[in-house]
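S.K.: First the structure, which I've put down as structure tokens, then a few questions once you've had a look.
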Amino acid sequence: MTMTNGSAVVRNAVVTGGGSGIGKAIAERLRADGHQVATLDLNPLDEKFAYRADVANRDQVDEALATIHAELGQVTILVNAAGLEKYKRFRNLSFEDWQHVIDVNLSGVFHCTQAVLPDMSAAGWGRIVNISSSSTHGGQPFMSPYVAAKSAVNGLTKSLALELGPEGITVNAVPPGFIDTPMLRKNEERGLLGGTVEDHIERTPVRRVGRPEDIAAACAFLVSEEAGYITGQILGVNGGRNT
Ligand code: NAP
């Protein structure tokens with residue numbers, strides 16, 4: 001059932017990867033906006049409506065979504081933020097390396113989206129936001145399966161927007177660039193950024209590192225009632241690093 005909180009409509013939302021970084025900030029922002037939010041993560045936070053599921057495992061996703069549906073009700077907002085990177089030269093990648101990155105970053109979006117669609121179709125209203133990556137704008141060496149998966153997520157977003165628009169469901173993607181999360185700091189420590197975060201700030205037009213809250217703000221807008229005429233779009237949030 002849809003309730004209202006003042007003038008705002010209260011919805012049930014699921015955020016994958018909600019245990020850390022960008023997904024955690026999105027869940028916090030949607031809660032602050034009055035929505036009921038459940039998170040899915042490999043390592044869920046110790047909080048209400050935080051569930052453990054590997055998004056690459058359909059049985060785990062279906063089980064978690066069934067529990068969320070039973071506890072919260074119809075889910076009409078989905079943000080697919082779970083993801084992982086792998087840095088390796090293409091020639092050294094095993095097929096298992098390749099498959100794992102594709103399974104989590106791309107097939108995870110497939111599983112979670114299919115699992116919530118019945119609720120959105122029944123409601124005649126839905127908002128899906130897929131967190132892809134700014135690496136899709138120009139490619140990235142040593143990250144081929146990740147960039148391939150995230151580029152496919154952008155393509156999936158456009159196709160689903162066309163397919164689901166008539167049902168009242170919008171589908172958009174947000175490719176973040178250079179956001180200060182555990183993922184970025186791990187890459188800095190491992191010397192994978194080609195400099196420090198501070199060095200990169202000098203090369204970023206708005207002269208700061210992105211914050212998870214920047215991505216959360218874009219998502220909050222895209223899942224809102226007023227964003228209903230926006231679908232199939234790829235909204236870069238990257239401080240101007242990619243235009
Ligand atoms: P993060 O801090 O590592 O958060 C990612 C979350 O996803 C973690 O909680 C992780 O759990 C979870 N996760 C990983 N594999 C999962 C699986 N199979 N099933 C369920 N949950 C899983 O990274 P982040 O920087 O916030 O990244 C969030 C999203 O933004 C990702 O999709 C990432 O690719 C994308 N992104 C980030 C940046 C950036 O600058 N930070 C740039 C471009 C794109 P564990 O920690 O337990 O593994």
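Ligands are numbered from 1 in the order shown, residues from 1 within each chain, and chains are lettered A, B, ... in the order they appear in the structure tokens.
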Contacts of A:Ala64 at 7 Å or less, counting only C-alpha atoms, minus same-chain residues fewer than 4 places along, as number ranges by chain?
M.R.: A: 51, 53, 60, 68
S.K.: Would you save the residues of that selection, restricted to N, CA, C and O atoms, as a PDB file, in the first residue's frame?
M.R.:
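Output (selection.pdb):
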ATOM      1  N   TYR A  51      19.444  -7.186   4.935  1.00  0.00           N
ATOM      2  CA  TYR A  51      19.408  -8.621   4.641  1.00  0.00           C
ATOM      3  C   TYR A  51      20.698  -9.055   3.959  1.00  0.00           C
ATOM      4  O   TYR A  51      21.277  -8.306   3.161  1.00  0.00           O
ATOM      5  N   ALA A  53      22.427 -11.209   1.190  1.00  0.00           N
ATOM      6  CA  ALA A  53      22.209 -11.953  -0.056  1.00  0.00           C
ATOM      7  C   ALA A  53      23.332 -11.621  -1.014  1.00  0.00           C
ATOM      8  O   ALA A  53      23.807 -10.485  -1.075  1.00  0.00           O
ATOM      9  N   GLN A  60      19.166 -16.772  -3.428  1.00  0.00           N
ATOM     10  CA  GLN A  60      19.320 -15.870  -2.278  1.00  0.00           C
ATOM     11  C   GLN A  60      18.553 -14.560  -2.495  1.00  0.00           C
ATOM     12  O   GLN A  60      17.948 -14.016  -1.572  1.00  0.00           O
ATOM     13  N   ILE A  68      11.383  -9.501   2.377  1.00  0.00           N
ATOM     14  CA  ILE A  68      11.142  -8.048   2.392  1.00  0.00           C
ATOM     15  C   ILE A  68       9.678  -7.755   2.045  1.00  0.00           C
ATOM     16  O   ILE A  68       9.021  -6.941   2.697  1.00  0.00           O
TER      17      ILE A  68
END
S.K.: Pick out the residues sitting within 9 Å of A:Gly21, and hand them over as a compact mmCIF listing (two decimals) with C-alpha atoms, in the first residue's frame; count only C-alpha atoms, and ignore anything fewer than 3 positions along from it in its own chain.
M.R.:
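Final output, saved to around-v5.txt:
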# COMPACT_ATOMS: atom_id res chain seq x y z
CA GLY A 17 25.16 -3.03 -1.80
CA GLY A 18 23.54 -1.05 1.03
CA LYS A 24 24.73 2.85 2.25
CA ALA A 25 24.44 6.58 1.50
CA ILE A 26 21.55 5.94 -0.92
CA ILE A 179 33.59 8.85 -5.22
CA ASP A 180 35.25 8.62 -1.80
CA THR A 181 34.25 5.14 -0.63
CA PRO A 182 36.10 2.11 0.79
CA MET A 183 36.39 0.87 -2.85
CA PRO A 212 28.50 9.01 -1.67
S.K.: Between A:Asp119, A:Asp103, A:Glu47, A:Glu96, single out the one closest to ligand 1, counting only C-alpha atoms and all ligand atoms.
M.R.: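 Of the candidates, the smallest distance to ligand 1 is held by A:Asp103.
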S.K.: Please return, as a PyMOL selection string, all residues of stretch 23-165 of chain A that DSSP assigns to alpha helix (DSSP H) on the basis of the backbone.
M.R.: chain A and resi 23-32+58-72+95-102+108-123+135-138+144-164
S.K.: List every residue of stretch 138-209 of chain A that has an atom at most 8 Å from any atom of stretch 221-236 of chain A, and for each one report the closest atom pair and its distance in Å to one decimal, counting only C-alpha atoms, with rows sorted by chain and then by increasing residue number, as CSV.
M.R.:
residue,atom,partner,partner_atom,distance
A:Asn154,CA,A:Ile234,CA,7.0
A:Thr157,CA,A:Gly232,CA,5.9
A:Lys158,CA,A:Gly232,CA,4.4
A:Ser159,CA,A:Gly232,CA,7.5
A:Leu160,CA,A:Gly232,CA,7.6
A:Ala161,CA,A:Gly232,CA,4.9
A:Leu162,CA,A:Gly232,CA,7.3
A:Gly165,CA,A:Thr231,CA,7.7
A:Thr170,CA,A:Thr231,CA,5.0
A:Val171,CA,A:Thr231,CA,5.3
A:Asn172,CA,A:Gln233,CA,5.0
A:Ala173,CA,A:Ile234,CA,4.7
A:Val174,CA,A:Leu235,CA,4.9
A:Pro175,CA,A:Gly236,CA,5.1
A:Pro176,CA,A:Gly236,CA,6.2
A:Gly177,CA,A:Gly236,CA,7.7
S.K.: Could those residues be written to a file, using all heavy atoms, as a JSON list (two decimals), in the first residue's frame?
M.R.:
[["chain", "number", "residue", "atom", "x", "y", "z"],
["A", 154, "ASN", "N", 24.40, -0.11, -18.55],
["A", 154, "ASN", "CA", 23.83, 1.08, -19.21],
["A", 154, "ASN", "C", 22.91, 0.68, -20.36],
["A", 154, "ASN", "O", 21.82, 1.25, -20.54],
["A", 154, "ASN", "CB", 24.96, 1.98, -19.75],
["A", 154, "ASN", "CG", 25.68, 2.75, -18.65],
["A", 154, "ASN", "OD1", 25.21, 2.81, -17.52],
["A", 154, "ASN", "ND2", 26.83, 3.31, -18.98],
["A", 157, "THR", "N", 19.71, -0.77, -19.06],
["A", 157, "THR", "CA", 18.88, 0.34, -18.55],
["A", 157, "THR", "C", 18.02, 0.93, -19.68],
["A", 157, "THR", "O", 16.81, 1.14, -19.52],
["A", 157, "THR", "CB", 19.80, 1.43, -17.96],
["A", 157, "THR", "OG1", 20.53, 0.87, -16.87],
["A", 157, "THR", "CG2", 19.02, 2.65, -17.50],
["A", 158, "LYS", "N", 18.65, 1.17, -20.82],
["A", 158, "LYS", "CA", 17.92, 1.78, -21.95],
["A", 158, "LYS", "C", 16.85, 0.84, -22.49],
["A", 158, "LYS", "O", 15.72, 1.26, -22.78],
["A", 158, "LYS", "CB", 18.90, 2.17, -23.06],
["A", 158, "LYS", "CG", 19.77, 3.36, -22.70],
["A", 158, "LYS", "CD", 20.86, 3.57, -23.73],
["A", 158, "LYS", "CE", 21.79, 4.70, -23.33],
["A", 158, "LYS", "NZ", 21.30, 6.00, -23.79],
["A", 159, "SER", "N", 17.21, -0.45, -22.62],
["A", 159, "SER", "CA", 16.22, -1.41, -23.14],
["A", 159, "SER", "C", 15.05, -1.57, -22.19],
["A", 159, "SER", "O", 13.88, -1.59, -22.61],
["A", 159, "SER", "CB", 16.87, -2.78, -23.34],
["A", 159, "SER", "OG", 17.72, -2.73, -24.45],
["A", 160, "LEU", "N", 15.35, -1.67, -20.88],
["A", 160, "LEU", "CA", 14.26, -1.85, -19.91],
["A", 160, "LEU", "C", 13.37, -0.62, -19.84],
["A", 160, "LEU", "O", 12.16, -0.74, -19.63],
["A", 160, "LEU", "CB", 14.83, -2.17, -18.53],
["A", 160, "LEU", "CG", 15.42, -3.56, -18.34],
["A", 160, "LEU", "CD1", 15.89, -3.75, -16.90],
["A", 160, "LEU", "CD2", 14.41, -4.64, -18.71],
["A", 161, "ALA", "N", 13.98, 0.56, -20.03],
["A", 161, "ALA", "CA", 13.17, 1.78, -20.00],
["A", 161, "ALA", "C", 12.09, 1.72, -21.09],
["A", 161, "ALA", "O", 10.93, 2.09, -20.86],
["A", 161, "ALA", "CB", 14.06, 3.00, -20.21],
["A", 162, "LEU", "N", 12.47, 1.23, -22.28],
["A", 162, "LEU", "CA", 11.51, 1.14, -23.39],
["A", 162, "LEU", "C", 10.45, 0.08, -23.10],
["A", 162, "LEU", "O", 9.26, 0.25, -23.38],
["A", 162, "LEU", "CB", 12.24, 0.80, -24.68],
["A", 162, "LEU", "CG", 13.35, 1.79, -25.11],
["A", 162, "LEU", "CD1", 13.97, 1.35, -26.43],
["A", 162, "LEU", "CD2", 12.80, 3.20, -25.22],
["A", 165, "GLY", "N", 8.35, 1.23, -19.60],
["A", 165, "GLY", "CA", 7.70, 2.54, -19.54],
["A", 165, "GLY", "C", 6.18, 2.45, -19.57],
["A", 165, "GLY", "O", 5.50, 3.11, -18.76],
["A", 170, "THR", "N", 10.00, 3.53, -14.47],
["A", 170, "THR", "CA", 11.14, 4.19, -15.12],
["A", 170, "THR", "C", 12.44, 3.47, -14.73],
["A", 170, "THR", "O", 12.54, 2.88, -13.65],
["A", 170, "THR", "CB", 11.26, 5.67, -14.71],
["A", 170, "THR", "OG1", 11.61, 5.76, -13.33],
["A", 170, "THR", "CG2", 9.97, 6.43, -14.98],
["A", 171, "VAL", "N", 13.40, 3.51, -15.65],
["A", 171, "VAL", "CA", 14.69, 2.85, -15.43],
["A", 171, "VAL", "C", 15.79, 3.79, -15.89],
["A", 171, "VAL", "O", 15.83, 4.18, -17.06],
["A", 171, "VAL", "CB", 14.79, 1.52, -16.22],
["A", 171, "VAL", "CG1", 15.99, 0.71, -15.76],
["A", 171, "VAL", "CG2", 13.51, 0.69, -16.09],
["A", 172, "ASN", "N", 16.65, 4.18, -14.97],
["A", 172, "ASN", "CA", 17.75, 5.08, -15.30],
["A", 172, "ASN", "C", 19.04, 4.56, -14.69],
["A", 172, "ASN", "O", 19.01, 3.70, -13.80],
["A", 172, "ASN", "CB", 17.45, 6.49, -14.75],
["A", 172, "ASN", "CG", 16.29, 7.14, -15.46],
["A", 172, "ASN", "OD1", 16.40, 7.57, -16.61],
["A", 172, "ASN", "ND2", 15.13, 7.20, -14.79],
["A", 173, "ALA", "N", 20.16, 5.08, -15.18],
["A", 173, "ALA", "CA", 21.46, 4.67, -14.62],
["A", 173, "ALA", "C", 22.22, 5.90, -14.15],
["A", 173, "ALA", "O", 22.12, 6.99, -14.73],
["A", 173, "ALA", "CB", 22.28, 3.92, -15.67],
["A", 174, "VAL", "N", 22.96, 5.70, -13.08],
["A", 174, "VAL", "CA", 23.87, 6.75, -12.58],
["A", 174, "VAL", "C", 25.29, 6.16, -12.59],
["A", 174, "VAL", "O", 25.58, 5.24, -11.82],
["A", 174, "VAL", "CB", 23.50, 7.19, -11.14],
["A", 174, "VAL", "CG1", 24.55, 8.16, -10.60],
["A", 174, "VAL", "CG2", 22.12, 7.84, -11.12],
["A", 175, "PRO", "N", 26.15, 6.63, -13.49],
["A", 175, "PRO", "CA", 27.55, 6.19, -13.47],
["A", 175, "PRO", "C", 28.38, 7.13, -12.60],
["A", 175, "PRO", "O", 28.64, 8.26, -12.99],
["A", 175, "PRO", "CB", 27.97, 6.28, -14.94],
["A", 175, "PRO", "CG", 26.97, 7.15, -15.62],
["A", 175, "PRO", "CD", 25.83, 7.44, -14.68],
["A", 176, "PRO", "N", 28.80, 6.68, -11.41],
["A", 176, "PRO", "CA", 29.58, 7.57, -10.54],
["A", 176, "PRO", "C", 31.02, 7.64, -11.02],
["A", 176, "PRO", "O", 31.54, 6.71, -11.63],
["A", 176, "PRO", "CB", 29.56, 6.86, -9.19],
["A", 176, "PRO", "CG", 28.70, 5.66, -9.33],
["A", 176, "PRO", "CD", 28.57, 5.38, -10.79],
["A", 177, "GLY", "N", 31.66, 8.76, -10.72],
["A", 177, "GLY", "CA", 33.08, 8.89, -11.03],
["A", 177, "GLY", "C", 33.82, 9.44, -9.84],
["A", 177, "GLY", "O", 33.48, 10.53, -9.34]]
S.K.: In Å, with one decimal, what is the gap from atom CA of A:Val37 to atom CA of A:Arg11?
M.R.: 8.4 Å
S.K.: When you count only C-alpha atoms, which of these residues is closest to A:Leu78: A:Thr113, A:Gly124, A:Thr243, A:His200?
M.R.: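 Residue with the minimum atom-to-atom distance to A:Leu78: A:Thr113.
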S.K.: I need the residue nearest A:Val153 from this list: A:Ile131, A:Val104, A:Ile215, A:Ala115. Use only C-alpha atoms for the distance.
M.R.: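 Ranked by minimum distance to A:Val153, first place goes to A:Ile131.
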S.K.: One decimal, Å: what's the distance from atom CA of A:Val206 over to atom 41 (N, counted along the ligand's line) of ligand 1, could you say?
M.R.: 16.8 Å
S.K.: Got a sec: who's within 12 Å of A:His111, counting only C-alpha atoms, leaving out chain neighbours fewer than 6 positions off, as a list in words?
M.R.: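 Result of the neighbour search: Thr16, Ala53, Asp54, Val55, Ala56, Asn57, Arg58, Asp59, Gln60, Val61, Asp62, Glu63, Ala64, Leu65, Leu78, Asn80, Asp103, Val104, Asn105 and Leu117 of chain A.
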S.K.: Name the residues of stretch 38-175 of chain A that fall into strand (DSSP E or B) according to DSSP on the backbone, using the chain letters and numbers of this document, as a VMD selection string.
M.R.: chain A and resid 38 to 41 50 to 52 77 to 80 126 to 131 169 to 174
S.K.: With a distance cut-off of 7 Å and only C-alpha atoms, select the neighbouring residues of A:Gly239, excluding the residue or stretch itself and same-chain residues fewer than 5 positions from it, and output the selection as a PyMOL selection string.
M.R.: chain A and resi 204-206+210
